[in-house]
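Have a look at the structure below before the remarks.
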Amino acid sequence: MRYDFVVVGSGCAGLAAACELKQAGKKVLLIEQHNLPGGCASSFVRGRFEFDPSLHELCTIGSVENPGITRKQLEAYGVNINWQKVPDCFRIVSEYSDGSLMDVTMPSGKEAFIAKMAEYVPDSKKATEDMFELFAEISAGLEYTSQGDENLNGKVLMEKFPNLLKIGSYPCMPVFKKLGFSQKAIDILSTYWSYLGVDMDHLSFLHYSQMVESYVELSAYIPEHTSHEISVAMVEAFRNMGGECLFNCRATEFIFDNKKCVGVKTTAGDIECDCVLANINPDIIYAKMMPEHAVPEREKRLSAARKGRYGARMFTAHFGLNKTAEELGIKDYSIFMPSTADSSKEYESLKKIATNNYTIFLCYNIVNPNFSPEGTSVVSFTTTYTSPEDWNKVTQENYFNVKDEIAKKFVGLLKEKTGIDIKDAIEEVAIASPMTFSRYLGVPEGSAYGFETRDWDGIIARTMGMEFDYTINGLIPIGTSGIRGDGYSSNYACGQLLARYALNKQGGNK
Amino acid sequence: MALKIKMSKIGILDVIKFATLHKTREKIIAKHPANPIKADYPINNLAKTLHPDAQDLVIDEIIEHIGADAKTYILKSADNKPCAYFRAGQYLSVLMTIGDSLVTRPYSISSSPKWALEGKYAITVRNNPEGFAAKFIIDEWEKGDHVTVSAPEGTFYYDALRDNEEIVAIAGGSGITPFLSMAYAIRDGIENFNLTIIFGSKTEEAILFKSELDKISAECNKVKVIHVLSDEKKEGYEHGLITVDLIKKYAPYNSSIFICGSESMYNFVMPEVEKIGLDKKYVRCELLGVTKNVTSCKGYPENIPATFNIKVKQGFEEYNITANSDEPVLVALERAGINAPSRCRSGECGFCRSKLLSGEVFCPEENEYRRFADIQYGYIHPCAAFAISDLELEVPGSYLG
């Protein structure tokens, strides 16, 4: 069996890469170790409910009139999804850094966002306006730089995008301060940190700006029928273009001829190809799936430098409720409930099971009243762990109890913080721990975010250093560990970008 | 441009710092040692232990239940390591080669979860002379044989977040097995709820696990057992069928009801349970498989021929097989010796999910657990789908066997 490209793993990056390569007319095989595509972007059924295991919302869809990059990308593959708009940006119920109570709901739309900020923090109007101006400059500047090296003109950059160049190497916190935000305003603006898994002292402001600008300007969207709908539609598009896929087919090892990857050993037999795009964490590829002699020294050093700082070990609890959102008094799609808005403090709390009291609560029926059968609703709780230490100690024997206790704690915290009591309405429940995510995704420690996009290893540095990465001939790791970091849209973009990179390289080799 | 941000005192230094972010990154990387990469994670290891692709077990002991015409098989892990732990009430999918067929059957684990940690499970199989797999097991399985099973599966277990802590279990015949496991789990301090088992058998002699159940309820006041004999009147036993009055007599106020038994028991008991007027969330049934009489299902089309051809694609292999229209598509795959994935055989778990490339199937409503987008894009669960035309089907691989 011989292919131009084999894509291993049908996570968001794998699906995008497969579609992109197929669109370029290549002979492509997509293999997936489960009988479902999507990785995190999937669904599961319990009783009369269908649950989304991971998607909160996508900020790069945009409206039909003003489409975002992901809507455009998927449509280019022939993927059509019935996107549903999320009404607000978020509600956060927490404590400000000074310990006072915080209950803030932020709308989408730039003007509305600025006005609401000014309402909550009266002296923040100018700084918020400046921040959006800065966001716009950053977007324009990054778009200009992404046009390719030959056209890049340092002088133009200096003239047109001076602020981008000056703040480009900084994390969020000092930039917020330079913009003149008070701590209270910073607390509100920090809400999104947990999406990226790195606190405001260590997260690149550029990374932050790309996400938040998109959220506010384009609004957030979710698919009508869970993220499985996106994944299965992408598989369909890939098939329609002539792509082949194998499910329940596990890649066990990459085949090397000296230092060049020439194929994949799988549970369905050996497959030869010119190039593999592997939607797998590179640490696992290097340690378990290829001969040690072929692992480049630089990749070993990179792994050592990252010190196993995997991002966001996931924990989710899903509930099918026998009451409607209205009956339960649920009004918001998402409620962020960190114990404090201070992201550095909260990052520390998220290391331990006992101290992690941060949950994000979602009610899908707020966006889509038909998400579940009449008279019911579906809600979920999500948190992440910033260290594996407590989970490393869990045993077979106490595993179920540990999971249940955490879910119980979050149900209690929801009641305590918002008055919403779902306890007596629970008809179905499914709890996913880092073990569950590790089982389904094969990721280290159940981390769905790859490596933390922290300090020197942020996505801007990774993207600028692309020429140094991808040192193995014929094997390209794709996915959350890559140049775009975590998140659905980041990974659709990552798969696309690296598929194009692989096509260029292959073209160059011939 | 209105906005002018100044980070450090000398702006150009910031610009240089930004322009060389990637070089700085490379410098940091270069400073670290080039040791071999290790990817050994306790979290991933535990996930593998809890959810192995397959478990290789050896039949260690066979216990005959003469009056009940059943046998219990004690299965020990072949490598003497712990088996995958489970929640009392879960099942194992057992893989068997019977003649040319490769088939699976789900069997509830009847032992305590504690046993799994000691490297063993018990499953109980009731003889069914007309049954394909049950007859094979009863006749063929011998001490020392190896048996391949899945990881523990299923959601028929007590969940403190969801269920009332008073559970009334209604069991018929070999449907006692998940409840026996729950009773052991309560006795062993693994689970904490009150279990009242209303257990229907034909005669006193036919009661499965009578002495075990008596022993547990004597040792542990959280477990109560009420025996109901349908074919015999005896002192100390309830007589007749499990009616709403009988359930109410023993069910504590505000109980969750769990039901496991044969199809005929469900047909009688379900309408009785409905009379109690409990909300859906308080009534949970163990899976029952699919109907043996599909032609009588609501919506089944008329004039369907007895057999169809199925073109099957699995991996890089292709097969042409024949399917009987009155059997689930999965059975046709198994009869052809194709190792297709399956677990619950009731449409629920979705493990057999396959892509229907062409043709039409009938999916009984009571087994419809497919994902919304799967229905939209033509995926079926072959264990709960019947061919009503020739089919072209793409089946995933299997890790079992």
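Simple scheme: letters A, B, ... for chains in structure tokens order, numbers from 1 for residues in each chain, numbers from 1 for ligands in the order shown.
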
Can you write out as CSV which residues of chain A fall within 6 Å of chain B, alongside each residue's closest atom pair and its distance in Å to one decimal, counting only C-alpha atoms and ordering rows by chain and ascending residue number?
```
residue,atom,partner,partner_atom,distance
A:Asn163,CA,B:Ile5,CA,5.9
A:Leu165,CA,B:Val15,CA,5.0
A:Lys166,CA,B:Asp14,CA,5.0
A:Gly168,CA,B:Phe18,CA,5.2
A:Ser169,CA,B:Phe18,CA,4.7
A:Glu229,CA,B:Ala373,CA,5.1
A:Phe247,CA,B:Pro396,CA,5.0
A:Asn248,CA,B:Gly397,CA,4.8
A:Ala268,CA,B:Gly315,CA,5.9
A:Ile284,CA,B:Ala39,CA,5.7
A:Ala287,CA,B:Ile37,CA,5.3
A:Glu297,CA,B:Ala34,CA,5.6
A:Lys300,CA,B:Ala34,CA,4.8
A:Arg301,CA,B:Ala34,CA,4.7
A:Leu302,CA,B:Ile29,CA,5.1
A:Ala305,CA,B:Ile29,CA,5.6
A:Asn392,CA,B:Pro42,CA,5.3
A:Ile426,CA,B:Arg162,CA,5.2
A:Glu427,CA,B:Lys281,CA,4.6
A:Met435,CA,B:Ala47,CA,4.9
A:Ser438,CA,B:Asn44,CA,5.7
A:Arg439,CA,B:Ala47,CA,5.6
A:Glu445,CA,B:Ile43,CA,5.2
A:Trp456,CA,B:Arg25,CA,5.5
A:Ala461,CA,B:His22,CA,4.8
A:Met464,CA,B:His22,CA,5.6
A:Gly465,CA,B:His22,CA,4.7
```

Please save N, CA, C and O atoms of the selected residues as a compact mmCIF listing (two decimals), in the first residue's frame.
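Okay, this is what ended up in selection.txt:
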```
# COMPACT_ATOMS: atom_id res chain seq x y z
N ASN A 163 3.72 49.64 17.30
CA ASN A 163 3.29 49.10 18.60
C ASN A 163 3.43 47.59 18.65
O ASN A 163 3.84 47.02 19.65
N LEU A 165 5.58 45.81 17.08
CA LEU A 165 6.99 45.46 17.24
C LEU A 165 7.46 45.68 18.68
O LEU A 165 8.28 44.93 19.18
N LYS A 166 6.89 46.70 19.32
CA LYS A 166 7.35 47.01 20.68
C LYS A 166 6.79 46.06 21.73
O LYS A 166 7.48 45.71 22.68
N GLY A 168 5.59 43.04 21.05
CA GLY A 168 5.59 41.67 20.53
C GLY A 168 6.24 40.62 21.40
O GLY A 168 5.87 39.45 21.37
N SER A 169 7.21 41.00 22.20
CA SER A 169 7.92 40.00 23.00
C SER A 169 7.39 39.95 24.43
O SER A 169 7.90 39.21 25.25
N GLU A 229 -20.44 16.72 14.75
CA GLU A 229 -20.97 17.16 13.45
C GLU A 229 -19.86 17.75 12.58
O GLU A 229 -19.82 17.50 11.37
N PHE A 247 -10.72 3.48 10.16
CA PHE A 247 -10.99 3.69 11.58
C PHE A 247 -10.64 2.44 12.37
O PHE A 247 -10.52 1.35 11.81
N ASN A 248 -10.48 2.60 13.67
CA ASN A 248 -9.95 1.51 14.51
C ASN A 248 -8.67 0.97 13.90
O ASN A 248 -8.47 -0.25 13.84
N ALA A 268 -3.53 -2.37 10.60
CA ALA A 268 -4.10 -2.88 9.34
C ALA A 268 -2.98 -3.21 8.35
O ALA A 268 -3.25 -3.43 7.18
N ILE A 284 5.72 11.61 22.44
CA ILE A 284 5.30 10.21 22.28
C ILE A 284 5.86 9.64 20.98
O ILE A 284 6.32 8.50 20.94
N ALA A 287 9.67 9.06 21.68
CA ALA A 287 10.01 8.07 22.70
C ALA A 287 9.51 6.68 22.33
O ALA A 287 10.14 5.68 22.68
N GLU A 297 18.94 15.49 17.50
CA GLU A 297 19.40 16.01 18.77
C GLU A 297 18.61 17.24 19.20
O GLU A 297 18.27 17.42 20.36
N LYS A 300 15.49 16.40 20.92
CA LYS A 300 15.73 15.93 22.29
C LYS A 300 15.95 17.12 23.22
O LYS A 300 15.45 17.16 24.35
N ARG A 301 16.70 18.09 22.72
CA ARG A 301 16.95 19.29 23.54
C ARG A 301 15.65 20.08 23.76
O ARG A 301 15.39 20.58 24.85
N LEU A 302 14.85 20.19 22.71
CA LEU A 302 13.57 20.90 22.82
C LEU A 302 12.70 20.24 23.89
O LEU A 302 12.11 20.90 24.75
N ALA A 305 13.99 21.02 27.24
CA ALA A 305 13.74 22.42 27.60
C ALA A 305 12.29 22.61 28.03
O ALA A 305 11.98 23.43 28.88
N ASN A 392 -1.29 11.60 39.36
CA ASN A 392 -0.31 10.50 39.30
C ASN A 392 -0.51 9.51 40.44
O ASN A 392 -0.11 8.36 40.34
N ILE A 426 -30.62 15.45 37.69
CA ILE A 426 -29.62 14.70 36.92
C ILE A 426 -30.16 13.34 36.46
O ILE A 426 -30.42 12.46 37.26
N GLU A 427 -30.34 13.21 35.17
CA GLU A 427 -30.84 11.95 34.60
C GLU A 427 -29.70 11.12 34.04
O GLU A 427 -29.73 9.89 34.09
N MET A 435 -7.41 10.78 32.79
CA MET A 435 -7.26 9.41 32.30
C MET A 435 -8.13 9.19 31.06
O MET A 435 -7.73 8.53 30.12
N SER A 438 -6.60 10.90 28.17
CA SER A 438 -5.41 10.17 27.73
C SER A 438 -5.83 8.91 26.96
O SER A 438 -5.24 8.54 25.96
N ARG A 439 -6.91 8.27 27.43
CA ARG A 439 -7.39 7.06 26.75
C ARG A 439 -7.85 7.36 25.32
O ARG A 439 -7.52 6.65 24.39
N GLU A 445 -0.57 12.60 29.85
CA GLU A 445 -1.23 13.06 31.07
C GLU A 445 -2.62 13.62 30.85
O GLU A 445 -3.11 14.41 31.65
N TRP A 456 9.20 31.65 26.46
CA TRP A 456 9.97 31.47 25.23
C TRP A 456 9.33 30.49 24.25
O TRP A 456 9.68 30.47 23.08
N ALA A 461 6.75 32.84 19.05
CA ALA A 461 8.12 32.35 18.91
C ALA A 461 8.16 31.06 18.08
O ALA A 461 9.03 30.85 17.25
N MET A 464 7.55 32.00 14.39
CA MET A 464 8.71 32.66 13.79
C MET A 464 9.85 31.67 13.57
O MET A 464 10.67 31.83 12.67
N GLY A 465 9.88 30.64 14.42
CA GLY A 465 10.99 29.68 14.34
C GLY A 465 10.66 28.43 13.55
O GLY A 465 11.34 27.41 13.67
```

Practice problem: Might you pull out every residue within 7 Å of Gly175 of chain B, with only C-alpha atoms counted and same-chain residues fewer than 3 positions away left off, and present them as a PyMOL selection string? | Solution: chain B and resi 171-172+260-261

Self-check item: Nearest-residue call for Ile276 of chain B, choices B:Pro129, B:Met182, B:Asp245, B:Thr104, using only C-alpha atoms
Solution: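 Of all the options, B:Asp245 lies closest to Ile276 of chain B.
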
Quiz item: From the list A:Gly263, A:Gly197, A:Asn240, A:Met314, which residue is nearest Glu348 of chain A when using only C-alpha atoms?
Solution: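 Using only C-alpha atoms, the shortest distance to Glu348 of chain A belongs to A:Gly197.
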
Quiz item: Residues at most 8 Å from Leu208 of chain B, counting only C-alpha atoms, excluding those fewer than 2 positions away in the same chain, as JSON, numbers by chain?
Solution: {"B": [65, 68, 173, 174, 176, 206, 210]}

Store the residues picked out above in a file with N, CA and C atoms, as a PDB file, in the first residue's frame.
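Saved file selection_32.pdb follows:
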```
ATOM      1  N   HIS B  65     -24.645 -24.498  38.423  1.00  0.00           N
ATOM      2  CA  HIS B  65     -25.865 -24.197  39.178  1.00  0.00           C
ATOM      3  C   HIS B  65     -26.924 -25.137  38.615  1.00  0.00           C
ATOM      4  N   ALA B  68     -30.710 -24.131  38.197  1.00  0.00           N
ATOM      5  CA  ALA B  68     -30.900 -22.968  37.331  1.00  0.00           C
ATOM      6  C   ALA B  68     -30.382 -23.222  35.923  1.00  0.00           C
ATOM      7  N   GLY B 173     -34.190 -14.399  36.732  1.00  0.00           N
ATOM      8  CA  GLY B 173     -33.251 -15.464  36.350  1.00  0.00           C
ATOM      9  C   GLY B 173     -31.805 -15.010  36.371  1.00  0.00           C
ATOM     10  N   SER B 174     -31.087 -15.194  35.229  1.00  0.00           N
ATOM     11  CA  SER B 174     -29.666 -14.834  35.217  1.00  0.00           C
ATOM     12  C   SER B 174     -29.462 -13.320  35.205  1.00  0.00           C
ATOM     13  N   ILE B 176     -29.835 -11.618  37.555  1.00  0.00           N
ATOM     14  CA  ILE B 176     -29.374 -11.296  38.910  1.00  0.00           C
ATOM     15  C   ILE B 176     -27.899 -10.880  38.914  1.00  0.00           C
ATOM     16  N   ALA B 206     -34.597 -23.327  41.375  1.00  0.00           N
ATOM     17  CA  ALA B 206     -34.003 -22.631  40.227  1.00  0.00           C
ATOM     18  C   ALA B 206     -33.365 -21.296  40.605  1.00  0.00           C
ATOM     19  N   LYS B 210     -28.621 -18.404  45.465  1.00  0.00           N
ATOM     20  CA  LYS B 210     -29.456 -18.209  46.656  1.00  0.00           C
ATOM     21  C   LYS B 210     -28.601 -18.109  47.920  1.00  0.00           C
TER      22      LYS B 210
END
```
